[in-house]
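Student: What follows is the file run.cif, containing mmCIF, C-alpha atoms:
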```cif
data_my_file
#
loop_
_atom_site.label_atom_id
_atom_site.label_comp_id
_atom_site.auth_asym_id
_atom_site.auth_seq_id
_atom_site.Cartn_x
_atom_site.Cartn_y
_atom_site.Cartn_z
CA MET A 112 0.00 0.00 0.00
CA PRO A 113 1.34 3.48 -0.78
CA ARG A 114 2.84 5.16 2.25
CA SER A 115 1.10 8.46 1.49
CA ALA A 116 -2.38 6.92 1.48
CA ARG A 117 -1.66 5.33 4.84
CA SER A 118 -0.40 8.54 6.43
CA ALA A 119 -3.29 10.53 4.94
CA THR A 120 -5.74 8.08 6.51
CA LEU A 121 -3.93 8.31 9.83
CA ARG A 122 -3.91 12.10 9.74
CA ASP A 123 -7.61 12.34 8.88
CA ALA A 124 -8.55 9.79 11.51
CA VAL A 125 -6.62 11.50 14.31
CA GLY A 126 -7.83 14.94 13.17
CA LEU A 127 -11.47 13.85 13.23
CA GLY A 128 -11.02 12.09 16.55
CA VAL A 129 -9.56 15.20 18.18
CA ALA A 130 -12.11 17.60 16.65
CA VAL A 131 -15.16 15.52 17.55
CA GLY A 132 -13.65 14.73 20.93
CA LEU A 133 -14.28 18.39 21.80
CA TYR A 134 -18.04 17.74 21.72
CA GLY A 135 -17.46 15.94 24.98
CA VAL A 136 -17.21 19.30 26.73
CA ALA A 137 -20.76 20.08 25.68
CA PHE A 138 -21.93 16.63 26.76
CA GLY A 139 -20.28 16.92 30.18
CA ALA A 140 -21.95 20.32 30.65
CA ALA A 141 -25.34 19.04 29.48
CA ALA A 142 -25.09 16.06 31.83
CA ALA A 143 -24.32 18.34 34.77
CA ALA A 144 -27.21 20.63 33.81
CA ALA A 145 -29.52 17.59 33.83
CA GLY A 146 -28.47 16.70 37.37
CA LEU A 147 -25.98 13.91 36.68
CA ASP A 148 -22.84 13.87 38.80
CA THR A 149 -19.40 13.67 37.26
CA TRP A 150 -19.14 9.89 37.72
CA GLN A 151 -22.44 9.34 35.94
CA ALA A 152 -21.40 11.59 33.05
CA LEU A 153 -18.08 9.77 32.78
CA THR A 154 -19.77 6.37 32.94
CA LEU A 155 -22.00 7.33 30.02
CA SER A 156 -19.04 8.46 27.94
CA ALA A 157 -16.99 5.37 28.82
CA LEU A 158 -19.74 2.72 28.58
CA MET A 159 -22.35 4.12 26.21
CA PHE A 160 -19.92 6.00 23.95
CA THR A 161 -22.41 7.10 21.31
CA GLY A 162 -22.82 10.85 21.42
CA ALA A 163 -26.35 11.43 20.19
CA SER A 164 -27.74 8.73 22.52
CA GLN A 165 -25.86 10.27 25.45
CA PHE A 166 -27.22 13.73 24.61
CA ALA A 167 -30.71 12.29 24.22
CA LEU A 168 -30.57 10.60 27.62
CA VAL A 169 -29.48 13.73 29.48
CA GLY A 170 -31.79 15.84 27.32
CA VAL A 171 -34.83 13.85 28.42
CA LEU A 172 -33.69 13.82 32.05
CA GLY A 173 -33.06 17.57 31.83
CA ALA A 174 -36.62 18.06 30.62
CA GLY A 175 -37.83 16.26 33.74
CA GLY A 176 -38.41 12.97 31.98
CA GLY A 177 -38.74 9.59 33.65
CA ALA A 178 -36.40 6.62 33.54
CA LEU A 179 -38.21 4.81 30.71
CA ALA A 180 -38.32 7.85 28.46
CA ALA A 181 -34.62 8.53 29.06
CA VAL A 182 -33.54 4.95 28.35
CA GLY A 183 -35.96 4.70 25.42
CA SER A 184 -34.65 7.78 23.67
CA ALA A 185 -31.04 6.65 24.05
CA LEU A 186 -31.88 3.23 22.60
CA LEU A 187 -33.88 4.72 19.72
CA LEU A 188 -30.87 6.71 18.61
CA GLY A 189 -28.62 3.72 19.28
CA THR A 190 -30.40 1.57 16.69
CA ARG A 191 -28.49 3.18 13.85
CA ASN A 192 -25.25 1.77 15.26
CA THR A 193 -26.73 -1.69 14.61
CA VAL A 194 -27.07 -0.85 10.94
CA TYR A 195 -23.55 0.57 10.90
CA GLY A 196 -22.28 -2.69 12.37
CA VAL A 197 -23.91 -4.69 9.61
CA ARG A 198 -22.19 -2.46 7.06
CA LEU A 199 -18.82 -2.67 8.82
CA ALA A 200 -18.74 -6.39 9.63
CA PRO A 201 -17.44 -7.57 6.23
CA MET A 202 -14.77 -4.86 6.13
CA LEU A 203 -13.52 -5.37 9.66
CA ALA A 204 -13.54 -9.17 9.20
CA ILE A 205 -13.14 -9.68 12.93
CA ARG A 206 -12.20 -13.12 14.18
CA GLY A 207 -12.95 -14.12 17.74
CA TRP A 208 -15.31 -12.76 20.37
CA PRO A 209 -12.89 -10.63 22.42
CA ARG A 210 -11.91 -8.56 19.40
CA ARG A 211 -15.50 -8.36 18.21
CA ALA A 212 -16.61 -7.14 21.64
CA GLY A 213 -13.96 -4.41 21.53
CA ALA A 214 -14.71 -3.39 17.95
CA ALA A 215 -18.45 -3.19 18.70
CA HIS A 216 -17.83 -0.53 21.33
CA LEU A 217 -16.29 1.75 18.67
CA VAL A 218 -19.13 1.40 16.11
CA ILE A 219 -20.49 4.97 15.91
CA ASP A 220 -21.26 7.64 13.28
CA GLU A 221 -17.71 8.90 12.93
CA THR A 222 -15.84 5.59 12.81
CA THR A 223 -18.32 4.24 10.26
CA ALA A 224 -18.03 7.32 8.08
CA MET A 225 -14.23 7.19 8.14
CA ALA A 226 -14.05 3.46 7.50
CA VAL A 227 -16.53 3.56 4.62
CA ALA A 228 -14.79 6.57 3.03
CA ALA A 229 -11.35 4.90 3.03
CA PRO A 230 -10.02 3.86 -0.40
CA ASP A 231 -9.68 0.15 0.42
CA ARG A 232 -10.49 -2.42 3.09
CA GLU A 233 -7.14 -2.33 4.81
CA LEU A 234 -7.17 1.47 5.11
CA GLY A 235 -10.81 1.23 6.16
CA ARG A 236 -9.84 -1.02 9.06
CA LEU A 237 -7.01 1.37 9.99
CA ALA A 238 -9.37 4.39 9.83
CA PHE A 239 -11.94 2.58 11.99
CA TRP A 240 -9.55 1.70 14.79
CA VAL A 241 -7.53 4.94 14.82
CA THR A 242 -10.60 7.18 14.67
CA GLY A 243 -12.33 5.08 17.31
CA VAL A 244 -9.49 5.01 19.83
CA THR A 245 -8.59 8.72 19.37
CA LEU A 246 -12.20 9.76 19.69
CA TYR A 247 -12.77 7.52 22.71
CA LEU A 248 -9.87 9.05 24.62
CA GLY A 249 -10.75 12.63 23.65
CA TRP A 250 -14.46 12.20 24.32
CA ASN A 251 -13.92 10.88 27.84
CA ALA A 252 -11.31 13.51 28.74
CA THR A 253 -13.48 16.39 27.55
CA THR A 254 -16.59 14.95 29.24
CA LEU A 255 -14.69 15.25 32.52
CA VAL A 256 -13.74 18.86 31.76
CA GLY A 257 -17.30 19.79 30.80
CA SER A 258 -18.88 18.11 33.81
CA LEU A 259 -16.46 19.63 36.34
CA SER A 260 -16.64 23.15 34.96
CA ALA A 261 -20.44 23.11 34.68
CA ALA A 262 -20.80 21.95 38.29
CA ALA A 263 -19.29 25.22 39.54
CA LEU A 264 -21.72 27.63 37.86
CA GLY A 265 -23.85 30.54 39.10
CA GLY A 266 -27.20 31.88 37.83
CA THR A 267 -26.08 33.68 34.68
CA ALA A 268 -23.75 30.84 33.74
CA GLN A 269 -26.64 28.43 34.30
CA ALA A 270 -28.72 30.48 31.86
CA ALA A 271 -25.86 30.22 29.37
CA LEU A 272 -25.74 26.45 29.86
CA ASP A 273 -29.52 26.19 29.39
CA SER A 274 -29.05 27.84 26.00
CA ILE A 275 -26.08 25.66 25.06
CA VAL A 276 -27.96 22.35 25.39
CA PRO A 277 -30.62 22.99 22.69
CA ALA A 278 -27.94 24.58 20.51
CA ALA A 279 -25.90 21.39 20.80
CA PHE A 280 -28.89 19.30 19.64
CA LEU A 281 -29.43 21.70 16.76
CA ALA A 282 -25.78 21.32 15.75
CA LEU A 283 -26.20 17.52 15.77
CA LEU A 284 -29.36 17.82 13.67
CA TRP A 285 -28.06 20.45 11.24
CA PRO A 286 -26.08 18.26 8.80
CA ARG A 287 -29.17 16.06 8.28
CA LEU A 288 -31.14 19.05 7.01
CA GLN A 289 -28.57 20.27 4.51
CA ARG A 290 -28.69 19.80 0.76
CA THR A 291 -25.81 17.34 0.97
CA ALA A 292 -27.75 14.99 3.25
CA ARG A 293 -29.61 11.98 1.87
CA GLU A 294 -33.13 13.11 0.99
CA PRO A 295 -32.94 16.46 2.80
CA GLY A 296 -36.57 17.23 2.00
CA VAL A 297 -37.78 14.17 3.91
CA GLN A 298 -35.31 14.85 6.73
CA ARG A 299 -36.68 18.39 7.11
CA ARG A 300 -40.30 17.26 7.15
CA VAL A 301 -39.51 14.55 9.69
CA ALA A 302 -37.61 17.04 11.87
CA LEU A 303 -40.39 19.63 11.73
CA ALA A 304 -42.99 17.00 12.57
CA GLY A 305 -40.88 15.75 15.50
CA ALA A 306 -40.55 19.25 16.94
CA VAL A 307 -44.21 20.17 16.47
CA VAL A 308 -45.55 16.91 17.94
CA ALA A 309 -43.18 17.15 20.91
CA LEU A 310 -44.30 20.70 21.71
CA ALA A 311 -47.97 19.83 21.22
CA LEU A 312 -47.69 16.86 23.60
CA THR A 313 -45.72 18.77 26.26
CA PRO A 314 -48.74 20.03 28.25
CA VAL A 315 -50.55 16.68 28.23
CA VAL A 316 -47.99 13.89 28.80
CA PRO A 317 -45.40 13.34 31.55
CA ALA A 318 -42.22 15.38 31.05
CA GLY A 319 -39.73 13.64 28.79
CA ALA A 320 -42.28 11.24 27.33
CA GLN A 321 -43.21 13.72 24.60
CA VAL A 322 -39.79 13.23 23.00
CA VAL A 323 -40.14 9.47 22.59
CA LEU A 324 -43.83 9.76 21.67
CA ALA A 325 -43.01 12.33 18.99
CA VAL A 326 -40.57 9.92 17.37
CA VAL A 327 -43.03 7.03 17.52
CA ALA A 328 -45.80 9.24 16.08
CA VAL A 329 -43.62 10.43 13.22
CA ALA A 330 -42.44 6.89 12.48
CA LEU A 331 -45.98 5.46 12.47
CA VAL A 332 -48.09 8.20 10.91
CA GLY A 333 -45.67 9.93 8.62
CA ARG A 334 -43.71 6.79 7.87
CA PRO A 335 -41.24 8.16 5.36
CA ARG A 336 -41.35 6.14 2.17
CA PRO A 337 -38.55 5.84 -0.33
CA ALA A 338 -38.45 8.84 -2.65
CA ARG A 339 -39.81 8.23 -6.16
CA GLU A 340 -39.28 9.87 -9.53
CA GLY A 341 -35.85 11.07 -8.48
CA VAL A 342 -37.22 13.52 -5.95
CA ALA A 343 -34.59 13.18 -3.24
CA MET B 46 -35.24 11.00 40.43
CA SER B 47 -33.17 9.34 43.16
CA GLY B 48 -29.44 8.73 42.79
CA GLY B 49 -30.02 4.98 42.56
CA THR B 50 -32.63 5.34 39.82
CA LEU B 51 -30.30 7.67 37.94
CA TRP B 52 -27.50 5.11 38.10
CA THR B 53 -29.91 2.42 36.88
CA VAL B 54 -30.88 4.61 33.93
CA VAL B 55 -27.21 5.26 33.13
CA LEU B 56 -26.21 1.59 33.29
CA VAL B 57 -29.25 0.05 31.59
CA ALA B 58 -29.11 2.53 28.71
CA SER B 59 -25.35 2.04 28.33
CA VAL B 60 -25.60 -1.75 28.23
CA GLY B 61 -28.55 -1.52 25.83
CA CYS B 62 -26.68 0.78 23.46
CA TYR B 63 -23.66 -1.52 23.57
CA LEU B 64 -25.77 -4.57 22.74
CA LEU B 65 -27.26 -2.70 19.77
CA LYS B 66 -23.73 -2.09 18.47
CA LEU B 67 -22.68 -5.69 19.11
CA ALA B 68 -25.79 -7.00 17.37
CA GLY B 69 -24.84 -5.19 14.19
CA LEU B 70 -21.48 -6.93 14.02
CA SER B 71 -22.97 -10.29 14.95
CA VAL B 72 -26.34 -10.90 13.31
CA PRO B 73 -26.80 -11.97 9.70
CA ALA B 74 -27.06 -8.88 7.51
CA ALA B 75 -30.42 -9.98 6.12
CA TRP B 76 -32.09 -9.53 9.52
CA VAL B 77 -31.30 -5.86 9.69
CA GLU B 78 -31.12 -4.86 6.05
CA GLN B 79 -34.87 -4.96 5.49
CA PRO B 80 -35.81 -1.78 3.61
CA TRP B 81 -38.28 -0.63 6.26
CA VAL B 82 -35.72 -1.09 9.05
CA THR B 83 -33.03 0.94 7.33
CA ARG B 84 -35.69 3.49 6.36
CA VAL B 85 -36.81 4.04 9.94
CA VAL B 86 -33.25 4.10 11.24
CA GLU B 87 -32.34 6.69 8.63
CA PHE B 88 -35.00 9.11 9.80
CA VAL B 89 -35.43 8.45 13.53
CA PRO B 90 -32.47 10.71 14.46
CA ALA B 91 -33.96 13.75 12.69
CA ALA B 92 -37.29 13.37 14.51
CA LEU B 93 -35.65 12.70 17.87
CA LEU B 94 -33.07 15.47 17.66
CA ALA B 95 -35.66 18.00 16.49
CA ALA B 96 -37.98 17.00 19.33
CA LEU B 97 -35.11 17.44 21.78
CA VAL B 98 -34.25 20.87 20.33
CA ALA B 99 -37.87 21.98 20.73
CA VAL B 100 -38.30 20.59 24.24
CA GLN B 101 -34.94 21.86 25.51
CA ALA B 102 -35.44 25.33 24.01
CA ALA B 103 -39.09 26.06 24.66
CA THR B 104 -40.50 24.04 27.54
CA SER B 105 -40.18 23.84 31.28
CA GLY B 106 -41.88 20.85 32.90
CA SER B 107 -45.28 20.65 31.22
CA ALA B 108 -45.41 24.32 30.17
CA LEU B 109 -44.33 26.01 26.96
CA VAL B 110 -41.87 28.77 27.90
CA LEU B 111 -40.33 31.57 25.87
CA ASP B 112 -37.03 32.84 27.29
CA GLY B 113 -33.37 33.43 26.49
CA ARG B 114 -32.96 29.84 25.32
CA LEU B 115 -34.90 30.63 22.14
CA VAL B 116 -32.66 33.63 21.50
CA GLY B 117 -29.66 31.37 22.00
CA LEU B 118 -31.15 28.85 19.59
CA ALA B 119 -31.71 31.52 16.94
CA VAL B 120 -28.11 32.67 17.33
CA ALA B 121 -26.95 29.05 17.05
CA ALA B 122 -28.96 28.55 13.85
CA LEU B 123 -27.41 31.67 12.36
CA ALA B 124 -23.91 30.55 13.33
CA LEU B 125 -24.54 27.09 11.85
CA ALA B 126 -25.80 28.66 8.61
CA LEU B 127 -22.53 30.61 8.47
CA ARG B 128 -20.65 27.32 8.95
CA ALA B 129 -19.19 28.22 12.32
CA PRO B 130 -17.37 25.39 14.14
CA PHE B 131 -19.34 23.46 16.76
CA ILE B 132 -17.61 25.04 19.75
CA VAL B 133 -18.17 28.56 18.37
CA VAL B 134 -21.86 27.76 17.88
CA LEU B 135 -22.18 26.67 21.51
CA VAL B 136 -20.27 29.66 22.90
CA LEU B 137 -22.39 32.13 20.91
CA ALA B 138 -25.63 30.43 21.97
CA GLY B 139 -24.52 30.43 25.59
CA ALA B 140 -23.48 34.09 25.45
CA ALA B 141 -26.85 35.04 23.95
CA GLY B 142 -28.74 33.13 26.63
CA ALA B 143 -26.63 34.69 29.39
CA LEU B 144 -27.14 38.18 27.93
CA VAL B 145 -30.92 37.78 27.90
CA HIS B 146 -30.74 36.51 31.51
CA VAL B 147 -28.75 39.60 32.58
CA LEU B 148 -30.96 42.04 30.66
CA THR B 149 -34.27 40.60 31.89
CA GLY B 150 -33.08 39.92 35.42
#
```
Mind turning the file's structure into structure tokens?
Tutor:
Amino acid sequence: MPRSARSATLRDAVGLGVAVGLYGVAFGAAAAAAGLDTWQALTLSALMFTGASQFALVGVLGAGGGALAAVGSALLLGTRNTVYGVRLAPMLAIRGWPRRAGAAHLVIDETTAMAVAAPDRELGRLAFWVTGVTLYLGWNATTLVGSLSAAALGGTAQAALDSIVPAAFLALLWPRLQRTAREPGVQRRVALAGAVVALALTPVVPAGAQVVLAVVAVALVGRPRPAREGVA
Amino acid sequence: MSGGTLWTVVLVASVGCYLLKLAGLSVPAAWVEQPWVTRVVEFVPAALLAALVAVQAATSGSALVLDGRLVGLAVAALALALRAPFIVVLVLAGAAGALVHVLTG
């Protein structure tokens, strides 16, 4: 394999791992705002290690949601990692359960994207492991920073934090709504429906439940069908 | 929510998310690659994230609330449209929310 391709893959993988690792600050802060202590925030980053699910869990708890709604929303977002795993399995060609158990922990948006984008299988494997390990270390370190700094906040800083949490969710959602996303029109309709249903249900269902119910409602009623006639 | 319940939520959700990852690497592809499954998985995040944006920005308990968070969200949307980096987006949103808090007491 050409040396340059290998070093380019390494550079991209480490760069992405470091950049995305910074999101951990926002997660640590959001977890603290939702009432989780530092150990709980760190446990989520170490054991769950799938950003959107972690944000969803603390988001629902922060909205006053119950245990079932919090776990349910994390699992709903976690289902896409299952699909990623199916895509990655042939490329990673993992032999033996210990290695498979370790690889599974690193199956997330970013490692999948990097692995799939690599020019060949060998570089794909390299991208998967390097991105995964870099991101794992960065994510956990910055979660600690975010959680500790958020725990020492006063009133105005709390107001700032309250504004940061929805902004963080918007930043996670944003790429899905852009022209470059797959079927951005459907993504936008689904997002709008999710937001409207959640707000409409807020006064009438237990806090936190509206988030999960909104997703279920959108999935059942507005079940997005494959685009036809090239309208994507 | 008590500390014990919170820990249960943290651990159960973590183990569940891990098993979902492990399942992907372990089950036959045909089980998961049904068109309707991939279809739902493709769009669930948009609905869930948008619902979380709405609830985190505009509700408090079971009430709809308009406060500095919405201003912060608008600032964040503007920053995202201008392709600002993630951290910049968060700092601007936080600053906007804090400013509204200071101005409105």
Student: Return as lines of an AutoDock Vina configuration file the centre and edge lengths, in Å with one decimal, of the box along x, y and z that encloses every atom of region 120-126 of chain A in the file, padded by 3 Å per side.
Tutor:
```
center_x = -6.2
center_y = 11.5
center_z = 10.4
size_x = 10.6
size_y = 12.9
size_z = 13.8
```
Student: Once the PyMOL selection byres ((chain A and resi 227) around 10) has been applied to the shown file, what residues remain in the selection, as a PDB file with C-alpha atoms, in the coordinates of the input?
Tutor:
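selection20.pdb written:
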```
ATOM      1  CA  TYR A 195     -23.550   0.570  10.900  1.00  0.00           C
ATOM      2  CA  ARG A 198     -22.190  -2.460   7.060  1.00  0.00           C
ATOM      3  CA  LEU A 199     -18.820  -2.670   8.820  1.00  0.00           C
ATOM      4  CA  MET A 202     -14.770  -4.860   6.130  1.00  0.00           C
ATOM      5  CA  GLU A 221     -17.710   8.900  12.930  1.00  0.00           C
ATOM      6  CA  THR A 222     -15.840   5.590  12.810  1.00  0.00           C
ATOM      7  CA  THR A 223     -18.320   4.240  10.260  1.00  0.00           C
ATOM      8  CA  ALA A 224     -18.030   7.320   8.080  1.00  0.00           C
ATOM      9  CA  MET A 225     -14.230   7.190   8.140  1.00  0.00           C
ATOM     10  CA  ALA A 226     -14.050   3.460   7.500  1.00  0.00           C
ATOM     11  CA  ALA A 228     -14.790   6.570   3.030  1.00  0.00           C
ATOM     12  CA  ALA A 229     -11.350   4.900   3.030  1.00  0.00           C
ATOM     13  CA  PRO A 230     -10.020   3.860  -0.400  1.00  0.00           C
ATOM     14  CA  ASP A 231      -9.680   0.150   0.420  1.00  0.00           C
ATOM     15  CA  ARG A 232     -10.490  -2.420   3.090  1.00  0.00           C
ATOM     16  CA  LEU A 234      -7.170   1.470   5.110  1.00  0.00           C
ATOM     17  CA  GLY A 235     -10.810   1.230   6.160  1.00  0.00           C
ATOM     18  CA  ARG A 236      -9.840  -1.020   9.060  1.00  0.00           C
ATOM     19  CA  ALA A 238      -9.370   4.390   9.830  1.00  0.00           C
ATOM     20  CA  PHE A 239     -11.940   2.580  11.990  1.00  0.00           C
TER      21      PHE A 239
END
```
Student: Kindly resolve the PyMOL selection byres ((chain B and resi 76-88) around 10) on the present coordinates and return the residues as a PyMOL selection string.
Tutor: (chain A and resi 187-194+196-198+287+293-294+297-299+301-302+326+329-331+334-337) or (chain B and resi 68-69+72-75+89-93)
Student: Mind pulling up the distance from CA of Val57 (chain B) to CA of Val98 (chain B)?
Tutor: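 Value for the CA of Val98 (chain B)-CA of Val57 (chain B) distance: 24.2 Å.
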Student: Which residues, written as a list of chain:residue names, have at least one atom at most 8 Å from region 258-262 of chain A, with all atoms listed in the file counted and residues fewer than 2 positions away on the same chain left out?
Tutor: A:Val136, A:Phe138, A:Gly139, A:Ala140, A:Ala141, A:Ala142, A:Ala143, A:Ala144, A:Asp148, A:Thr149, A:Ala152, A:Thr254, A:Leu255, A:Val256, A:Leu264, A:Leu272
Student: Could you work out how far CA of Gln101 (chain B) lies from CA of Ala122 (chain B), giving the answer in Å with one decimal?
Tutor: 14.7 Å
Student: Taking into account only C-alpha atoms, which residue in the set B:Ser59, B:Leu148, B:Ile132, B:Thr104 is nearest to chain A?
Tutor: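 When distances to chain A are compared using only C-alpha atoms, the smallest one comes from B:Ser59.
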Student: Which residues would end up in the selection if the PyMOL selection byres ((chain B and resi 133-140) around 10) were applied here, given that I need the answer as a ChimeraX atom specification?
Tutor: /A:134,137,267-279,281-282 /B:113-125,127-132,141-146
Student: To one decimal place, how far is CA of Val54 (chain B) from CA of Ala178 (chain A) in Å?
Tutor: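 Result for CA of Val54 (chain B) versus CA of Ala178 (chain A): 5.9 Å, one decimal.
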Student: Using only C-alpha atoms, can you tell me which of A:Val327, A:Leu147, A:Ala185, A:Ala309 comes closest to Met46 (chain B)?
Tutor: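 For Met46 (chain B), the nearest of the candidates is A:Leu147.
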Student: Would you pick out the contacts of region 160-163 of chain A at 7 Å or less, using all atoms listed in the file, so that residues sharing its chain but fewer than 4 positions from it are not included, and give the list as a PyMOL selection string?
Tutor: chain A and resi 155-156+167+188+219
Student: Just checking: using all atoms listed in the file, which residue out of A:Ser184, A:Thr245, A:Thr120, A:Ser115 ends up closest to chain B?
Tutor: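 Closest candidate: A:Ser184.
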Student: With distances taken over all atoms listed in the file, which residue among A:Ser164, A:Pro314, A:Pro286, A:Gln151 lies nearest Gly49 (chain B)?
Tutor: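 Once distances to Gly49 (chain B) are computed over all atoms listed in the file, the minimum belongs to A:Gln151.
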Student: Can you tell me, as a PyMOL selection string, what residues are no more than 10 Å from Arg211 (chain A) when counting only C-alpha atoms, ignoring any on the same chain fewer than 4 positions away?
Tutor: (chain A and resi 200+203-207+215-216) or (chain B and resi 67+70-71)
Student: Using all atoms listed in the file for the distances, tell me which of A:Pro317, A:Gly176, A:Ala311, A:Asp123 is nearest to Ala103 (chain B).
Tutor: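 When distances to Ala103 (chain B) are compared using all atoms listed in the file, the smallest one comes from A:Ala311.
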Student: Measuring between all atoms listed in the file, which one of A:Val307, A:Ala214, A:Leu237, A:Met159 shows the shortest distance to chain B?
Tutor: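 For chain B, the nearest of the candidates is A:Met159.
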